[in-house]
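Participant: Supplied structure: start-v4.cif, mmCIF, C-alpha atoms.
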```
data_target
loop_
_atom_site.group_PDB
_atom_site.id
_atom_site.type_symbol
_atom_site.label_atom_id
_atom_site.label_comp_id
_atom_site.auth_asym_id
_atom_site.auth_seq_id
_atom_site.Cartn_x
_atom_site.Cartn_y
_atom_site.Cartn_z
ATOM 1 C CA MET X 1 92.714 -17.555 135.003
ATOM 2 C CA PRO X 2 91.049 -17.915 131.602
ATOM 3 C CA SER X 3 92.796 -15.611 129.092
ATOM 4 C CA GLY X 4 94.838 -14.218 132.006
ATOM 5 C CA LEU X 5 91.798 -12.221 133.171
ATOM 6 C CA SER X 6 89.906 -12.076 136.447
ATOM 7 C CA HIS X 7 87.140 -9.876 134.894
ATOM 8 C CA ASP X 8 85.884 -9.580 131.297
ATOM 9 C CA SER X 9 86.075 -5.770 131.331
ATOM 10 C CA ARG X 10 89.869 -6.082 131.424
ATOM 11 C CA ASN X 11 90.094 -7.803 128.056
ATOM 12 C CA PHE X 12 92.294 -5.666 125.779
ATOM 13 C CA ASP X 13 93.907 -6.535 122.461
ATOM 14 C CA PRO X 14 96.521 -7.874 122.216
ATOM 15 C CA TYR X 15 96.720 -8.489 125.997
ATOM 16 C CA PRO X 16 95.422 -7.019 129.279
ATOM 17 C CA ILE X 17 97.247 -4.304 131.207
ATOM 18 C CA TYR X 18 98.898 -5.530 134.406
ATOM 19 C CA VAL X 19 99.170 -2.615 136.842
ATOM 20 C CA ASP X 20 102.102 -2.268 139.220
ATOM 21 C CA ARG X 21 101.023 0.900 141.077
ATOM 22 C CA ALA X 22 98.703 3.908 140.898
ATOM 23 C CA LEU X 23 98.543 7.433 142.304
ATOM 24 C CA GLY X 24 95.852 10.064 141.822
ATOM 25 C CA PRO X 25 94.425 9.815 138.291
ATOM 26 C CA VAL X 26 97.240 7.685 136.818
ATOM 27 C CA LYS X 27 98.510 4.129 136.979
ATOM 28 C CA TRP X 28 101.667 2.399 135.776
ATOM 29 C CA ASP X 29 101.869 -1.063 134.303
ATOM 30 C CA VAL X 30 104.521 -3.681 135.043
ATOM 31 C CA ASP X 31 106.552 -2.369 132.080
ATOM 32 C CA GLY X 32 106.605 1.179 133.481
ATOM 33 C CA ASN X 33 104.073 2.628 131.009
ATOM 34 C CA ARG X 34 101.949 5.457 132.465
ATOM 35 C CA TYR X 35 98.173 5.585 131.845
ATOM 36 C CA VAL X 36 95.444 8.045 132.754
ATOM 37 C CA ASP X 37 92.962 5.878 134.650
ATOM 38 C CA TYR X 38 89.583 6.533 133.055
ATOM 39 C CA PHE X 39 88.157 3.370 134.689
ATOM 40 C CA GLY X 40 88.689 4.827 138.164
ATOM 41 C CA GLY X 41 88.151 1.511 139.920
ATOM 42 C CA HIS X 42 84.991 0.966 137.843
ATOM 43 C CA GLY X 43 83.686 4.284 139.177
ATOM 44 C CA ALA X 44 84.580 3.751 142.838
ATOM 45 C CA LEU X 45 87.680 5.968 142.907
ATOM 46 C CA ILE X 46 86.166 9.401 142.461
ATOM 47 C CA LEU X 47 89.053 10.873 144.490
ATOM 48 C CA GLY X 48 91.681 8.929 142.547
ATOM 49 C CA HIS X 49 94.175 6.338 143.739
ATOM 50 C CA ASN X 50 95.741 6.690 147.190
ATOM 51 C CA HIS X 51 93.997 9.919 148.193
ATOM 52 C CA PRO X 52 95.478 10.855 151.614
ATOM 53 C CA ALA X 53 92.086 11.169 153.337
ATOM 54 C CA VAL X 54 90.977 7.763 152.007
ATOM 55 C CA ILE X 55 94.280 6.140 153.046
ATOM 56 C CA ALA X 56 93.994 7.625 156.569
ATOM 57 C CA ALA X 57 90.379 6.477 156.953
ATOM 58 C CA ALA X 58 91.179 2.989 155.641
ATOM 59 C CA HIS X 59 94.179 2.695 157.962
ATOM 60 C CA ALA X 60 92.089 3.746 160.979
ATOM 61 C CA ALA X 61 89.400 1.216 160.064
ATOM 62 C CA LEU X 62 91.952 -1.592 159.555
ATOM 63 C CA GLU X 63 93.346 -0.985 163.047
ATOM 64 C CA LYS X 64 89.907 -1.870 164.464
ATOM 65 C CA GLY X 65 89.608 -5.132 162.507
ATOM 66 C CA THR X 66 89.260 -6.467 158.992
ATOM 67 C CA HIS X 67 86.027 -8.476 158.728
ATOM 68 C CA PHE X 68 83.647 -8.524 161.654
ATOM 69 C CA GLY X 69 80.924 -10.672 160.106
ATOM 70 C CA ALA X 70 78.533 -8.749 162.365
ATOM 71 C CA CYS X 71 76.783 -5.391 162.602
ATOM 72 C CA HIS X 72 78.898 -2.384 163.492
ATOM 73 C CA GLU X 73 78.684 1.400 163.905
ATOM 74 C CA LEU X 74 80.324 2.306 160.577
ATOM 75 C CA GLU X 75 77.687 0.513 158.499
ATOM 76 C CA VAL X 76 74.958 2.427 160.344
ATOM 77 C CA ARG X 77 76.786 5.730 159.757
ATOM 78 C CA TRP X 78 77.278 4.807 156.089
ATOM 79 C CA ALA X 79 73.564 4.028 155.653
ATOM 80 C CA GLU X 80 72.662 7.343 157.298
ATOM 81 C CA LEU X 81 74.957 9.182 154.854
ATOM 82 C CA VAL X 82 73.381 7.408 151.889
ATOM 83 C CA THR X 83 69.857 8.357 152.970
ATOM 84 C CA LYS X 84 71.008 11.938 153.588
ATOM 85 C CA MET X 85 72.591 12.204 150.111
ATOM 86 C CA VAL X 86 69.758 10.319 148.384
ATOM 87 C CA PRO X 87 66.550 11.380 150.167
ATOM 88 C CA SER X 88 64.416 8.967 148.113
ATOM 89 C CA ALA X 89 66.425 6.052 149.571
ATOM 90 C CA GLU X 90 64.197 5.454 152.569
ATOM 91 C CA ARG X 91 65.890 2.163 153.408
ATOM 92 C CA VAL X 92 69.413 0.966 152.679
ATOM 93 C CA ARG X 93 70.692 -2.572 152.275
ATOM 94 C CA PHE X 94 74.332 -3.162 151.352
ATOM 95 C CA THR X 95 75.352 -5.900 148.950
ATOM 96 C CA SER X 96 78.650 -7.483 147.985
ATOM 97 C CA SER X 97 78.483 -6.562 144.292
ATOM 98 C CA GLY X 98 76.526 -4.689 141.662
ATOM 99 C CA THR X 99 75.320 -8.024 140.301
ATOM 100 C CA GLU X 100 73.851 -8.899 143.690
ATOM 101 C CA ALA X 101 72.292 -5.417 143.932
ATOM 102 C CA THR X 102 70.541 -5.661 140.549
ATOM 103 C CA LEU X 103 69.414 -9.228 141.268
ATOM 104 C CA LEU X 104 67.822 -8.148 144.566
ATOM 105 C CA ALA X 105 66.336 -4.982 143.009
ATOM 106 C CA LEU X 106 64.747 -7.103 140.287
ATOM 107 C CA ARG X 107 63.328 -9.530 142.853
ATOM 108 C CA LEU X 108 61.912 -6.677 144.963
ATOM 109 C CA ALA X 109 60.369 -4.987 141.911
ATOM 110 C CA ARG X 110 58.708 -8.226 140.837
ATOM 111 C CA ALA X 111 57.402 -8.895 144.348
ATOM 112 C CA PHE X 112 56.058 -5.335 144.660
ATOM 113 C CA THR X 113 54.460 -5.065 141.201
ATOM 114 C CA GLY X 114 53.459 -8.678 140.667
ATOM 115 C CA ARG X 115 54.796 -8.345 137.113
ATOM 116 C CA SER X 116 57.391 -10.590 135.526
ATOM 117 C CA LYS X 117 58.564 -8.466 132.579
ATOM 118 C CA LEU X 118 61.811 -6.530 132.797
ATOM 119 C CA VAL X 119 62.915 -3.648 130.572
ATOM 120 C CA ARG X 120 66.679 -3.442 130.027
ATOM 121 C CA PHE X 121 68.868 -1.269 127.858
ATOM 122 C CA ARG X 122 70.796 -2.945 125.073
ATOM 123 C CA GLY X 123 74.567 -2.549 125.383
ATOM 124 C CA HIS X 124 74.445 -1.602 129.076
ATOM 125 C CA PHE X 125 75.960 -3.746 131.837
ATOM 126 C CA HIS X 126 73.515 -4.626 134.619
ATOM 127 C CA GLY X 127 75.296 -7.531 136.304
ATOM 128 C CA TRP X 128 76.164 -11.144 135.568
ATOM 129 C CA HIS X 129 72.989 -12.941 136.668
ATOM 130 C CA ASP X 130 70.900 -14.774 134.069
ATOM 131 C CA HIS X 131 68.386 -11.962 133.410
ATOM 132 C CA MET X 132 71.161 -9.486 132.618
ATOM 133 C CA THR X 133 73.706 -11.238 130.376
ATOM 134 C CA SER X 134 72.074 -10.994 126.935
ATOM 135 C CA GLY X 135 72.331 -7.693 125.128
ATOM 136 C CA HIS X 136 75.422 -6.424 126.937
ATOM 137 C CA THR X 137 78.251 -7.368 124.549
ATOM 138 C CA SER X 138 76.452 -10.006 122.487
ATOM 139 C CA HIS X 139 73.035 -11.623 121.971
ATOM 140 C CA PHE X 140 71.547 -8.222 121.136
ATOM 141 C CA ASP X 141 68.432 -10.006 119.852
ATOM 142 C CA GLY X 142 67.632 -11.078 123.420
ATOM 143 C CA THR X 143 68.388 -14.772 123.037
ATOM 144 C CA PRO X 144 69.989 -16.389 126.084
ATOM 145 C CA THR X 145 73.776 -16.446 126.376
ATOM 146 C CA SER X 146 75.603 -19.739 126.940
ATOM 147 C CA GLY X 147 74.602 -21.410 130.185
ATOM 148 C CA VAL X 148 71.395 -19.402 130.671
ATOM 149 C CA VAL X 149 68.307 -21.607 130.857
ATOM 150 C CA THR X 150 65.927 -21.198 127.919
ATOM 151 C CA GLY X 151 62.905 -19.159 129.003
ATOM 152 C CA ILE X 152 64.766 -16.831 131.384
ATOM 153 C CA THR X 153 65.054 -14.184 128.673
ATOM 154 C CA ASP X 154 61.403 -14.459 127.571
ATOM 155 C CA ASP X 155 60.355 -11.733 130.014
ATOM 156 C CA VAL X 156 63.378 -9.498 129.342
ATOM 157 C CA LEU X 157 62.676 -6.688 126.888
ATOM 158 C CA LEU X 158 65.853 -5.202 125.422
ATOM 159 C CA CYS X 159 65.417 -1.581 124.400
ATOM 160 C CA ASP X 160 67.763 0.831 122.707
ATOM 161 C CA PRO X 161 68.679 3.722 125.020
ATOM 162 C CA MET X 162 67.198 6.289 122.594
ATOM 163 C CA MET X 163 63.729 4.811 121.924
ATOM 164 C CA SER X 164 60.728 6.880 120.989
ATOM 165 C CA LYS X 165 57.565 6.763 123.079
ATOM 166 C CA GLY X 166 55.370 3.753 122.615
ATOM 167 C CA SER X 167 54.620 0.380 124.070
ATOM 168 C CA HIS X 168 56.060 -3.086 123.779
ATOM 169 C CA GLY X 169 53.610 -5.713 124.955
ATOM 170 C CA SER X 170 52.570 -5.008 128.528
ATOM 171 C CA SER X 171 55.603 -2.837 129.344
ATOM 172 C CA THR X 172 55.946 0.838 128.557
ATOM 173 C CA THR X 173 59.124 1.822 126.763
ATOM 174 C CA ILE X 174 61.289 4.682 127.937
ATOM 175 C CA ARG X 175 63.135 7.472 126.156
ATOM 176 C CA ILE X 176 66.344 8.611 127.778
ATOM 177 C CA SER X 177 67.487 12.094 126.879
ATOM 178 C CA PRO X 178 70.928 13.238 127.973
ATOM 179 C CA ARG X 179 70.840 16.570 129.807
#
```
If you convert what's in this file into structure tokens, what do you get?

Facilitator:
Amino acid sequence: MPSGLSHDSRNFDPYPIYVDRALGPVKWDVDGNRYVDYFGGHGALILGHNHPAVIAAAHAALEKGTHFGACHELEVRWAELVTKMVPSAERVRFTSSGTEATLLALRLARAFTGRSKLVRFRGHFHGWHDHMTSGHTSHFDGTPTSGVVTGITDDVLLCDPMMSKGSHGSSTTIRISPR
């Protein structure tokens, strides 16, 4: 693995943390150091590591099989829960990653609106596909990062999260106010 990392978000100076185990809100590295886990599985572990109800549900699911590669009842129940918790989500499609989700959302938005421009927030992570790499940790001027074809970023407008009202070309800018 390049730099001993499987994901760029794990890059720490002078070296990444290698975790041995975790429980609740804490994790321990291979040297026995204890850390409060503020990453929380990149946001997925709202109940913490090894929550008994999650372990029981995962164990019950594993007993039925590990990868069906086909439709099954649990995905239907999951989609129903999502639409119940997020009433504006009229339809649900699951993806394998956040990058895939933002790529498909971008494609759907472009198909629906017929517009090609995209407004993104500078310094925010929106996935690894070509439209999303500049402005996250580098290339804050909007130029393409290494390996991205010239022209891809031409329709990407990078905005600071705290912009004032106004316009930028044919796209309206947005002001985000924390509440």

Participant: Would you kindly translate the PyMOL selection byres ((chain X and resi 26) around 8) into the concrete residues it picks from this file, as an NGL selection string?

Facilitator: :X and (22-25 or 27-28 or 34-37 or 49)

Participant: Enter the distance from CA of Thr137 (chain X) to CA of Thr102 (chain X), in Å, rounded to one decimal.

Facilitator: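 Distance between the two atoms: 17.8 Å.
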
Participant: List the spatial neighbours of Arg91 (chain X) as a list of chain:residue names - criterion: any atom at most 10 Å away, only C-alpha atoms, same-chain residues fewer than 6 positions off excluded.

Facilitator: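 The neighbour list is X:Ala79, X:Glu80, X:Val82, X:Thr83.
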
Participant: Any chance you could resolve the PyMOL selection byres ((chain X and resi 138-140) around 12) against this file and give the residues as a list in words?

Facilitator: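 With the PyMOL selection byres ((chain X and resi 138-140) around 12) on this model, the match is Arg120, Phe121, Arg122, Gly123, His124, Phe125, Met132, Thr133, Ser134, Gly135, His136, Thr137, Asp141, Gly142, Thr143, Pro144, Thr145, Ser146, Val148, Thr153, Val156, Leu157, Leu158, Cys159 and Asp160 of chain X.
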
Participant: Pick the closest to Leu104 (chain X) from X:Met1, X:Lys84, X:Gly127, X:Asp31: which is it, counting only C-alpha atoms?

Facilitator: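 Closest to Leu104 (chain X) of all the choices is X:Gly127.
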
Participant: With 8 Å as the threshold, what does the neighbourhood of (61.8, -10.1, 131.4) contain in terms of residues, counting only C-alpha atoms? Coordinates are those of the file; answer as a PyMOL selection string.

Facilitator: chain X and resi 116-119+131+152-157

Participant: Would you mind reading off the distance between CA of Pro2 (chain X) and CA of Gly32 (chain X), one decimal, in Å?

Facilitator: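 Between CA of Pro2 (chain X) and CA of Gly32 (chain X) the gap is 24.7 Å.
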
Participant: Suppose you want the space between CA of Trp78 (chain X) and CA of Ile46 (chain X); what is it in Å?

Facilitator: 16.9 Å

Participant: Would you mind telling me which residue in X:Ala57, X:Thr150, X:Ala111, X:Leu103 lies nearest to Leu74 (chain X) when using all atoms listed in the file?

Facilitator: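 Using all atoms listed in the file, Leu74 (chain X) sits closest to X:Ala57.
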
Participant: Any chance you could work out the residue set of the PyMOL selection byres ((chain X and resi 98) around 12) here, as a list in words?

Facilitator: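 Selected by the PyMOL selection byres ((chain X and resi 98) around 12) here: His42, Gly43, Ala44, Phe94, Thr95, Ser96, Ser97, Thr99, Glu100, Ala101, Thr102, Leu103, Leu104, Ala105, Phe125, His126, Gly127, Trp128, His129 and Met132 of chain X.
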
Participant: Complete the atom set of region 38-51 of chain X to N, CA, C and O atoms and return it as an mmCIF file, in the coordinates of the input.

Facilitator:
```cif
data_model
loop_
_atom_site.group_PDB
_atom_site.id
_atom_site.type_symbol
_atom_site.label_atom_id
_atom_site.label_comp_id
_atom_site.auth_asym_id
_atom_site.auth_seq_id
_atom_site.Cartn_x
_atom_site.Cartn_y
_atom_site.Cartn_z
ATOM 1 N N TYR X 38 90.967 6.143 133.296
ATOM 2 C CA TYR X 38 89.583 6.533 133.055
ATOM 3 C C TYR X 38 88.589 5.535 133.654
ATOM 4 O O TYR X 38 87.415 5.850 133.775
ATOM 5 N N PHE X 39 89.038 4.338 134.032
ATOM 6 C CA PHE X 39 88.157 3.370 134.689
ATOM 7 C C PHE X 39 87.875 3.791 136.131
ATOM 8 O O PHE X 39 86.790 3.578 136.637
ATOM 9 N N GLY X 40 88.869 4.342 136.796
ATOM 10 C CA GLY X 40 88.689 4.827 138.164
ATOM 11 C C GLY X 40 88.113 3.791 139.096
ATOM 12 O O GLY X 40 87.193 4.065 139.848
ATOM 13 N N GLY X 41 88.667 2.568 139.048
ATOM 14 C CA GLY X 41 88.151 1.511 139.920
ATOM 15 C C GLY X 41 86.709 1.186 139.598
ATOM 16 O O GLY X 41 85.906 0.951 140.498
ATOM 17 N N HIS X 42 86.356 1.210 138.312
ATOM 18 C CA HIS X 42 84.991 0.966 137.843
ATOM 19 C C HIS X 42 84.025 1.983 138.440
ATOM 20 O O HIS X 42 82.869 1.691 138.710
ATOM 21 N N GLY X 43 84.520 3.201 138.666
ATOM 22 C CA GLY X 43 83.686 4.284 139.177
ATOM 23 C C GLY X 43 83.805 4.523 140.672
ATOM 24 O O GLY X 43 83.293 5.506 141.185
ATOM 25 N N ALA X 44 84.507 3.644 141.375
ATOM 26 C CA ALA X 44 84.580 3.751 142.838
ATOM 27 C C ALA X 44 85.642 4.738 143.329
ATOM 28 O O ALA X 44 85.620 5.132 144.483
ATOM 29 N N LEU X 45 86.562 5.131 142.465
ATOM 30 C CA LEU X 45 87.680 5.968 142.907
ATOM 31 C C LEU X 45 87.510 7.412 142.458
ATOM 32 O O LEU X 45 88.365 7.977 141.775
ATOM 33 N N ILE X 46 86.447 8.029 142.877
ATOM 34 C CA ILE X 46 86.166 9.401 142.461
ATOM 35 C C ILE X 46 87.264 10.362 142.927
ATOM 36 O O ILE X 46 87.513 11.381 142.290
ATOM 37 N N LEU X 47 87.956 10.036 143.995
ATOM 38 C CA LEU X 47 89.053 10.873 144.490
ATOM 39 C C LEU X 47 90.410 10.431 143.939
ATOM 40 O O LEU X 47 91.429 11.013 144.288
ATOM 41 N N GLY X 48 90.421 9.423 143.103
ATOM 42 C CA GLY X 48 91.681 8.929 142.547
ATOM 43 C C GLY X 48 92.316 7.877 143.438
ATOM 44 O O GLY X 48 91.802 7.531 144.506
ATOM 45 N N HIS X 49 93.445 7.366 142.990
ATOM 46 C CA HIS X 49 94.175 6.338 143.739
ATOM 47 C C HIS X 49 94.970 6.966 144.885
ATOM 48 O O HIS X 49 95.598 8.008 144.736
ATOM 49 N N ASN X 50 94.927 6.323 146.022
ATOM 50 C CA ASN X 50 95.741 6.690 147.190
ATOM 51 C C ASN X 50 95.515 8.105 147.693
ATOM 52 O O ASN X 50 96.450 8.765 148.157
ATOM 53 N N HIS X 51 94.289 8.590 147.653
ATOM 54 C CA HIS X 51 93.997 9.919 148.193
ATOM 55 C C HIS X 51 94.315 9.890 149.692
ATOM 56 O O HIS X 51 93.918 8.956 150.403
#
```
